[in-house]
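start.cif follows; it contains mmCIF, C-alpha atoms.
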```cif
data_my_file
loop_
_atom_site.label_atom_id
_atom_site.label_comp_id
_atom_site.auth_asym_id
_atom_site.auth_seq_id
_atom_site.Cartn_x
_atom_site.Cartn_y
_atom_site.Cartn_z
CA MET A 1 28.85 82.99 -86.54
CA GLN A 2 30.00 86.58 -86.70
CA TYR A 3 29.86 88.90 -83.68
CA LEU A 4 29.40 92.66 -83.60
CA THR A 5 29.36 95.26 -80.87
CA LEU A 6 25.87 96.20 -79.72
CA GLY A 7 25.86 99.94 -80.27
CA ARG A 8 28.24 101.60 -77.83
CA THR A 9 27.69 99.07 -75.01
CA GLY A 10 30.81 97.02 -75.67
CA VAL A 11 28.69 93.86 -75.56
CA GLN A 12 29.46 91.38 -78.35
CA VAL A 13 26.38 89.86 -79.95
CA SER A 14 25.83 87.33 -82.71
CA ALA A 15 24.81 88.53 -86.17
CA LEU A 16 21.77 86.28 -85.91
CA ALA A 17 19.68 86.54 -82.74
CA LEU A 18 16.98 84.14 -81.58
CA GLY A 19 13.52 85.68 -81.32
CA ALA A 20 11.11 83.74 -79.11
CA MET A 21 7.75 85.09 -80.28
CA ASN A 22 6.79 81.66 -81.60
CA PHE A 23 7.38 79.95 -78.27
CA GLY A 24 4.00 78.99 -76.81
CA LYS A 25 0.51 79.25 -78.23
CA ILE A 26 1.36 81.77 -80.97
CA GLY A 27 3.61 79.26 -82.70
CA ARG A 28 2.00 76.17 -81.16
CA THR A 29 5.41 75.30 -79.70
CA THR A 30 5.84 73.00 -76.69
CA GLN A 31 8.47 73.45 -73.99
CA ASP A 32 10.50 70.53 -75.33
CA GLU A 33 10.46 72.05 -78.82
CA ALA A 34 11.42 75.47 -77.52
CA THR A 35 14.27 74.04 -75.46
CA ALA A 36 15.56 72.09 -78.46
CA VAL A 37 15.57 75.28 -80.56
CA VAL A 38 17.42 77.19 -77.84
CA ASP A 39 19.95 74.35 -77.45
CA ALA A 40 20.68 74.24 -81.18
CA ALA A 41 20.86 78.04 -81.47
CA LEU A 42 23.38 78.33 -78.64
CA GLU A 43 25.41 75.45 -80.05
CA ALA A 44 25.57 77.31 -83.37
CA GLY A 45 26.97 80.42 -81.69
CA ILE A 46 23.85 82.55 -81.22
CA ASN A 47 24.17 84.38 -77.91
CA VAL A 48 21.12 86.70 -77.99
CA ILE A 49 17.60 85.59 -77.05
CA ASP A 50 14.83 88.15 -77.43
CA THR A 51 11.31 87.75 -76.07
CA ALA A 52 8.51 89.99 -74.73
CA ASP A 53 6.00 89.97 -71.91
CA MET A 54 3.00 89.83 -74.24
CA TYR A 55 4.18 86.93 -76.41
CA SER A 56 1.51 84.30 -75.72
CA GLY A 57 0.56 86.20 -72.58
CA GLY A 58 3.88 85.58 -70.85
CA GLU A 59 4.23 81.96 -71.93
CA SER A 60 7.21 82.74 -74.17
CA GLU A 61 9.14 84.26 -71.26
CA GLU A 62 8.37 81.23 -69.12
CA MET A 63 9.58 78.85 -71.84
CA VAL A 64 12.76 80.87 -72.40
CA GLY A 65 13.44 80.86 -68.68
CA LYS A 66 13.18 77.09 -68.47
CA ALA A 67 15.27 76.61 -71.62
CA ILE A 68 18.18 78.74 -70.39
CA ALA A 69 18.22 77.53 -66.78
CA GLY A 70 21.78 76.91 -65.62
CA ARG A 71 23.43 78.87 -68.44
CA ARG A 72 22.08 82.39 -67.96
CA ASP A 73 25.48 84.07 -67.82
CA ASP A 74 26.39 83.03 -71.39
CA ILE A 75 23.30 84.65 -72.90
CA VAL A 76 22.45 88.25 -73.75
CA LEU A 77 18.84 88.12 -72.60
CA ALA A 78 16.36 90.68 -73.91
CA THR A 79 12.69 91.23 -73.30
CA LYS A 80 10.12 93.96 -73.93
CA ALA A 81 7.14 95.65 -72.28
CA GLY A 82 4.50 98.17 -73.22
CA LEU A 83 1.85 96.38 -75.27
CA PRO A 84 -1.36 95.42 -73.42
CA MET A 85 -1.19 92.49 -71.03
CA SER A 86 -4.88 92.60 -70.08
CA ASP A 87 -8.01 94.72 -70.45
CA GLU A 88 -6.95 96.77 -67.43
CA PRO A 89 -6.01 100.20 -68.88
CA ASN A 90 -2.87 100.52 -66.73
CA HIS A 91 -1.50 97.11 -67.68
CA GLN A 92 0.24 98.59 -70.70
CA GLY A 93 2.30 101.58 -71.81
CA SER A 94 5.58 102.97 -70.54
CA SER A 95 4.64 104.72 -67.30
CA ARG A 96 6.85 104.24 -64.25
CA ARG A 97 3.93 102.53 -62.50
CA TRP A 98 3.64 99.86 -65.17
CA LEU A 99 7.30 99.33 -66.08
CA VAL A 100 8.42 98.78 -62.48
CA THR A 101 5.63 96.26 -61.95
CA GLU A 102 5.94 94.48 -65.27
CA LEU A 103 9.71 94.10 -65.14
CA ASP A 104 9.31 92.17 -61.89
CA ASN A 105 6.69 90.01 -63.61
CA SER A 106 9.08 89.35 -66.51
CA LEU A 107 11.96 88.49 -64.19
CA ARG A 108 9.71 86.04 -62.35
CA ARG A 109 8.56 84.38 -65.57
CA LEU A 110 12.14 84.19 -66.88
CA GLY A 111 13.47 82.92 -63.56
CA VAL A 112 16.34 85.45 -63.49
CA ASP A 113 17.34 88.44 -61.38
CA HIS A 114 18.12 90.76 -64.31
CA VAL A 115 17.81 91.12 -68.07
CA ASP A 116 20.56 92.48 -70.27
CA LEU A 117 18.27 94.52 -72.51
CA TYR A 118 14.82 95.86 -71.59
CA GLN A 119 12.93 97.37 -74.52
CA ILE A 120 9.87 99.58 -74.82
CA HIS A 121 7.78 97.57 -77.26
CA ARG A 122 6.12 100.57 -78.90
CA TRP A 123 6.23 104.31 -78.36
CA ASP A 124 3.54 105.33 -75.87
CA PRO A 125 2.19 108.78 -76.83
CA ARG A 126 0.47 109.12 -73.44
CA THR A 127 3.72 109.02 -71.47
CA SER A 128 6.53 111.58 -71.51
CA ASP A 129 10.06 110.58 -72.40
CA GLU A 130 11.25 111.89 -69.04
CA GLU A 131 8.81 109.62 -67.17
CA THR A 132 9.87 106.52 -69.08
CA LEU A 133 13.60 107.22 -69.13
CA SER A 134 13.60 108.09 -65.43
CA ALA A 135 11.97 104.76 -64.57
CA LEU A 136 14.34 102.82 -66.83
CA THR A 137 17.37 104.63 -65.42
CA ASP A 138 16.30 103.72 -61.87
CA LEU A 139 15.76 100.08 -62.85
CA GLN A 140 19.20 100.08 -64.43
CA ARG A 141 20.78 101.52 -61.29
CA ALA A 142 18.96 98.90 -59.22
CA GLY A 143 20.71 96.21 -61.27
CA LYS A 144 17.52 94.73 -62.72
CA ILE A 145 18.44 95.72 -66.28
CA ARG A 146 21.84 96.32 -67.84
CA TYR A 147 20.73 98.40 -70.84
CA PHE A 148 17.44 99.54 -72.29
CA GLY A 149 16.19 100.19 -75.80
CA SER A 150 13.23 101.07 -77.97
CA SER A 151 11.31 98.98 -80.47
CA THR A 152 9.65 100.20 -83.67
CA PHE A 153 10.01 103.87 -82.76
CA PRO A 154 9.65 106.47 -85.53
CA ALA A 155 12.91 108.29 -86.24
CA TYR A 156 11.71 111.57 -84.71
CA ARG A 157 10.82 109.77 -81.45
CA ILE A 158 14.29 108.22 -81.30
CA VAL A 159 15.80 111.70 -81.63
CA GLN A 160 13.39 113.17 -79.06
CA ALA A 161 14.25 110.46 -76.54
CA GLN A 162 17.98 111.02 -77.01
CA TRP A 163 17.47 114.74 -76.41
CA ALA A 164 15.31 114.10 -73.32
CA ALA A 165 17.96 111.80 -71.81
CA ARG A 166 20.59 114.51 -72.22
CA GLU A 167 18.32 117.30 -71.02
CA HIS A 168 17.31 115.49 -67.83
CA HIS A 169 20.65 113.73 -67.16
CA LEU A 170 19.20 110.24 -67.58
CA SER A 171 20.50 107.08 -69.21
CA ARG A 172 19.57 106.80 -72.88
CA TYR A 173 18.22 104.13 -75.16
CA ALA A 174 21.14 101.99 -76.30
CA THR A 175 19.30 100.06 -79.01
CA GLU A 176 16.39 100.17 -81.44
CA GLN A 177 14.46 97.14 -82.72
CA PRO A 178 12.79 97.97 -86.06
CA SER A 179 11.10 95.82 -88.68
CA TYR A 180 13.39 95.43 -91.68
CA SER A 181 13.47 93.19 -94.74
CA ILE A 182 13.93 93.33 -98.49
CA LEU A 183 10.19 93.93 -98.82
CA GLN A 184 9.99 96.58 -96.06
CA ARG A 185 12.88 99.01 -96.52
CA GLY A 186 11.29 102.22 -95.26
CA ILE A 187 13.57 102.48 -92.22
CA GLU A 188 16.51 103.07 -94.56
CA THR A 189 15.12 106.56 -95.17
CA HIS A 190 15.01 107.89 -91.62
CA VAL A 191 15.42 105.34 -88.81
CA LEU A 192 18.73 103.72 -89.74
CA PRO A 193 20.51 107.05 -90.41
CA VAL A 194 19.36 108.19 -86.95
CA THR A 195 20.52 105.01 -85.20
CA GLU A 196 23.91 105.42 -86.87
CA GLN A 197 24.07 109.06 -85.82
CA TYR A 198 23.43 108.19 -82.16
CA GLY A 199 25.40 104.96 -82.09
CA LEU A 200 22.44 102.69 -81.32
CA GLY A 201 22.61 98.95 -81.73
CA VAL A 202 19.94 97.67 -84.15
CA LEU A 203 18.16 94.33 -83.75
CA ALA A 204 16.08 93.92 -86.92
CA TRP A 205 12.86 91.93 -86.57
CA SER A 206 10.91 90.13 -89.31
CA PRO A 207 13.87 89.87 -91.74
CA LEU A 208 11.92 87.14 -93.58
CA ALA A 209 8.91 89.48 -93.90
CA SER A 210 6.53 87.24 -91.96
CA GLY A 211 7.47 84.29 -94.15
CA TRP A 212 7.19 85.99 -97.55
CA LEU A 213 10.96 85.50 -97.98
CA SER A 214 11.18 82.02 -96.50
CA GLY A 215 10.93 80.25 -99.85
CA ALA A 216 7.60 78.71 -98.91
CA ILE A 217 5.54 81.40 -100.69
CA ARG A 218 5.72 81.28 -104.48
CA GLU A 219 3.50 81.94 -107.46
CA GLY A 220 1.02 79.12 -108.07
CA ARG A 221 1.32 77.62 -104.59
CA ASP A 222 -1.27 77.72 -101.84
CA ILE A 223 -0.08 79.90 -98.96
CA THR A 224 -0.31 77.69 -95.88
CA THR A 225 2.27 79.15 -93.50
CA ASN A 226 1.54 79.52 -89.79
CA ARG A 227 1.58 83.32 -90.09
CA SER A 228 -0.89 83.26 -93.00
CA THR A 229 -3.27 81.29 -90.79
CA LEU A 230 -3.01 83.91 -88.04
CA MET A 231 -3.21 86.94 -90.36
CA PRO A 232 -4.86 85.86 -93.64
CA GLN A 233 -5.43 89.45 -94.82
CA ARG A 234 -1.66 89.96 -95.08
CA PHE A 235 -1.37 87.09 -97.54
CA ASP A 236 -4.45 87.58 -99.72
CA THR A 237 -2.93 88.02 -103.17
CA ALA A 238 -6.05 89.86 -104.34
CA VAL A 239 -4.79 92.78 -102.23
CA PRO A 240 -2.53 94.99 -104.38
CA ALA A 241 0.25 95.25 -101.78
CA ASN A 242 0.34 91.47 -101.41
CA ARG A 243 0.36 91.03 -105.17
CA ALA A 244 3.35 93.39 -105.33
CA ARG A 245 5.12 91.33 -102.69
CA LEU A 246 4.51 88.10 -104.55
CA ASP A 247 5.80 89.63 -107.79
CA ALA A 248 8.93 90.81 -105.97
CA VAL A 249 9.42 87.37 -104.40
CA GLU A 250 9.41 85.72 -107.82
CA LYS A 251 12.09 88.12 -109.07
CA LEU A 252 14.12 87.70 -105.88
CA ALA A 253 13.95 83.92 -106.21
CA ALA A 254 15.63 84.21 -109.61
CA VAL A 255 18.39 86.35 -108.06
CA ALA A 256 18.90 83.80 -105.31
CA ASP A 257 19.04 80.91 -107.77
CA GLU A 258 21.61 82.64 -109.93
CA ALA A 259 23.75 83.38 -106.85
CA GLY A 260 23.46 79.81 -105.57
CA LEU A 261 21.60 80.91 -102.46
CA THR A 262 18.37 79.97 -100.75
CA MET A 263 15.73 82.65 -100.33
CA ILE A 264 16.46 82.65 -96.60
CA GLN A 265 20.16 83.23 -97.20
CA LEU A 266 19.33 86.08 -99.57
CA ALA A 267 16.90 87.67 -97.11
CA LEU A 268 19.08 87.40 -94.01
CA GLY A 269 22.24 88.29 -95.89
CA PHE A 270 20.56 91.46 -97.12
CA VAL A 271 19.57 92.59 -93.61
CA THR A 272 22.94 91.87 -92.01
CA ALA A 273 24.74 93.63 -94.89
CA HIS A 274 23.49 97.04 -93.78
CA PRO A 275 26.19 98.75 -91.67
CA ALA A 276 23.60 100.08 -89.23
CA VAL A 277 22.23 96.61 -88.40
CA THR A 278 23.82 94.70 -85.53
CA SER A 279 21.74 91.51 -85.56
CA ALA A 280 18.88 89.98 -87.52
CA LEU A 281 16.23 88.41 -85.30
CA ILE A 282 15.10 85.02 -86.51
CA GLY A 283 11.97 83.42 -85.06
CA PRO A 284 11.94 79.70 -85.89
CA ARG A 285 9.08 77.49 -84.71
CA THR A 286 10.93 74.22 -85.37
CA LEU A 287 14.45 72.85 -85.56
CA ASP A 288 14.07 72.55 -89.34
CA HIS A 289 13.25 76.25 -89.54
CA LEU A 290 16.21 77.08 -87.33
CA ASN A 291 18.65 75.02 -89.36
CA ALA A 292 17.50 76.64 -92.61
CA GLN A 293 18.09 80.07 -91.09
CA LEU A 294 21.43 79.16 -89.51
CA ALA A 295 22.66 78.38 -93.03
CA ALA A 296 22.70 82.17 -93.54
CA ALA A 297 24.99 82.83 -90.57
CA ASP A 298 28.04 83.38 -92.75
CA THR A 299 26.28 84.60 -95.90
CA VAL A 300 27.89 87.68 -97.45
CA LEU A 301 26.09 89.08 -100.47
CA SER A 302 28.16 90.44 -103.34
CA ALA A 303 27.68 93.99 -104.63
CA ASP A 304 26.09 92.56 -107.78
CA VAL A 305 23.47 90.68 -105.75
CA LEU A 306 22.72 93.72 -103.60
CA ASP A 307 22.37 95.84 -106.75
CA ALA A 308 19.94 93.27 -108.17
CA ILE A 309 17.86 93.47 -105.00
CA ASP A 310 17.80 97.29 -105.24
CA ALA A 311 16.46 96.98 -108.78
CA ILE A 312 13.54 94.87 -107.55
CA VAL A 313 12.67 96.79 -104.36
CA ALA A 314 14.13 100.27 -104.31
CA PRO A 315 15.99 101.51 -101.21
CA GLY A 316 13.69 103.14 -98.67
CA VAL A 317 10.50 101.58 -100.10
CA ASP A 318 7.90 99.60 -98.11
CA LEU A 319 5.82 97.34 -100.34
CA ALA A 320 3.19 97.15 -97.60
CA ALA A 321 3.31 100.59 -96.04
CA HIS A 322 -0.05 100.04 -94.32
CA GLU A 323 1.56 97.38 -92.14
CA LYS A 324 4.02 99.78 -90.59
CA ASN A 325 4.01 99.72 -86.79
CA ASP A 326 5.49 103.18 -86.29
CA THR A 327 2.75 105.28 -87.87
CA PRO A 328 2.18 108.59 -86.01
CA PRO A 329 -1.09 108.43 -84.01
CA ALA A 330 -2.57 111.41 -85.88
CA LEU A 331 -2.56 109.38 -89.11
CA LEU A 332 -4.64 106.66 -87.47
CA ASP A 333 -7.07 108.77 -85.41
CA PRO A 334 -8.83 111.60 -87.29
CA THR A 335 -9.62 113.46 -84.05
CA LEU A 336 -5.90 114.03 -83.52
CA ARG A 337 -5.51 115.97 -86.77
CA ARG A 338 -8.56 118.20 -86.56
CA ARG A 339 -9.18 121.19 -84.33
#
```
What would the structure in this file look like if it were written as structure tokens?
Amino acid sequence: MQYLTLGRTGVQVSALALGAMNFGKIGRTTQDEATAVVDAALEAGINVIDTADMYSGGESEEMVGKAIAGRRDDIVLATKAGLPMSDEPNHQGSSRRWLVTELDNSLRRLGVDHVDLYQIHRWDPRTSDEETLSALTDLQRAGKIRYFGSSTFPAYRIVQAQWAAREHHLSRYATEQPSYSILQRGIETHVLPVTEQYGLGVLAWSPLASGWLSGAIREGRDITTNRSTLMPQRFDTAVPANRARLDAVEKLAAVADEAGLTMIQLALGFVTAHPAVTSALIGPRTLDHLNAQLAAADTVLSADVLDAIDAIVAPGVDLAAHEKNDTPPALLDPTLRRR
């Protein structure tokens, strides 16, 4: 396992990080299964575990907490807040009122007195940067969080938050957690140059593109992955974007075969090759999934292989742009773009 410095924090983190979204009802994972995955990941050298309050309604945090009991100090523990936790309108977002309350809820579920990285799950257009950064700075000074970061922020919001921190003499976001894979390369255009400019650590989620790059999805096979069951519209090959993804997967499989790599090694090796990326977040449901992904821990792609990937999916291109999670609100709500 390779280790890199997380932004400018000085903290050393593994090139592969364990994402816990599949712990609990989302991934149909039991506590014993989750603990076994955590055990094997730590044994392999992974030292980052990333979860979120809303994963299975808090169940993921509870499972992580039980799995790491007695070895908290050896783990860089990260969680997130901001997405809705109930129908109550104030049980979401990045206001001081909610973040102070929800961090305590996360600490209770995790069974710890602090987290190393607390991330705003999505940009909240209703809340000012000063409000959010002020709350996070106070939580940091109280010792409940060591660092804080953003997740899936558009590039201009990352810049705005950095400016607001400087303007108001507050601590700044130390990390960004964007979606990044061979099939979704849009962040190469704006987000990754910005994170490099400001020295942010980058924890890339969905490096296997929701399973499209796992090797399980190929031409002529029924798509029966867990994610395709949860979100069938994202895997319907009658949809042009999905057809484009499947065509790309077939070409990428040939590149992997020629290089003597699995699809997972190709996919994870691509993400960790980018100089702006600190860690690739893997989200295994089972030990078999974990072991297949750990095989990519020391994968280094040659320039020829990276060039071949560029020829299949051009740099900066998202094959499924409609699935982006950082779309400006005015593009989604017509009332915001009309006087």
Where does region 78-102 of chain A meet region 110-116 of chain A within 12 Å, residue by residue, with the nearest atom pair and distance in Å to one decimal for each, counting only C-alpha atoms, listed by chain and rising number, as a Markdown table?
```
| residue | atom | partner | partner_atom | distance |
| --- | --- | --- | --- | --- |
| A:Ala78 | CA | A:Asp116 | CA | 5.8 |
| A:Thr79 | CA | A:Val115 | CA | 7.3 |
| A:Lys80 | CA | A:Val115 | CA | 10.1 |
```
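Taking all atoms listed in the file into account, Val100 (chain A) lies nearest to A:Ala142 out of the set A:Ala142, A:Leu319, A:Leu287, A:Leu208.
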The PyMOL selection byres ((chain A and resi 244) around 12) on the file shown: which residues, as a count of residues only? 27
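Surrounding region 256-270 of chain A within 6 Å are Ser214, Gly215, Ala296, Thr299 and Val300 of chain A, with only C-alpha atoms counted and residues fewer than 4 positions along the same chain left out.
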Of the listed residues A:Glu188, A:Asp138, A:Glu196, A:Glu33, that which approaches Ala174 (chain A) most closely, counting all atoms listed in the file: A:Glu196
Run through the PyMOL selection byres ((chain A and resi 57-73) around 7) on the given coordinates and return the selected residues as a VMD selection string. chain A and resid 20 to 21 23 to 24 31 34 to 35 38 51 to 56 74 to 75 85 106 109 to 111
Residues at most 6 Å from Ser150 (chain A), counting only C-alpha atoms, excluding those fewer than 4 positions away in the same chain, as number ranges by chain? A: 119-120, 176
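Picked by the PyMOL selection byres ((chain A and resi 91) around 12) from the coordinates shown: Asp53, Met54, Ala81, Gly82, Leu83, Pro84, Met85, Ser86, Asp87, Glu88, Pro89, Asn90, Gln92, Gly93, Ser94, Ser95, Arg96, Arg97, Trp98, Leu99, Val100, Thr101, Glu102, Leu103 and Asn105 of chain A.
Here CA of Val277 (chain A) and CA of Gly27 (chain A) stand 26.1 Å from one another.
The point (13.1, 107.8, -66.9) has these residues within 10 Å of it, counting only C-alpha atoms: Ser94, Ser95, Arg96, Ser128, Asp129, Glu130, Glu131, Thr132, Leu133, Ser134, Ala135, Leu136, Thr137, Asp138, Leu139, Ala164, Ala165, His168, His169, Leu170, Ser171 and Arg172 of chain A.
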Which protein, DNA or RNA residues are at most 10 Å from (19.8, 92.1, -84.4) in the file's coordinates when you count only C-alpha atoms, listed as a PyMOL selection string? chain A and resi 4+6+13-19+48+50+175-178+201-205+207+271-272+277-282
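For the atom pair formed by CA of Asp124 (chain A) and CA of Thr152 (chain A), the distance is 11.2 Å, given to one decimal.
Going from CA of His121 (chain A) over to CA of Phe148 (chain A), you cover 11.0 Å.
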Which residue out of A:Ala276, A:Ile309, A:Ile182, A:Ile187 has the minimum interatomic distance to Leu213 (chain A) when only C-alpha atoms are used? A:Ile182
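Between Gly283 (chain A) and the residues A:Gly211, A:Pro329, A:Pro232, A:Pro315, the shortest atom-to-atom distance, using all atoms listed in the file, involves A:Gly211.
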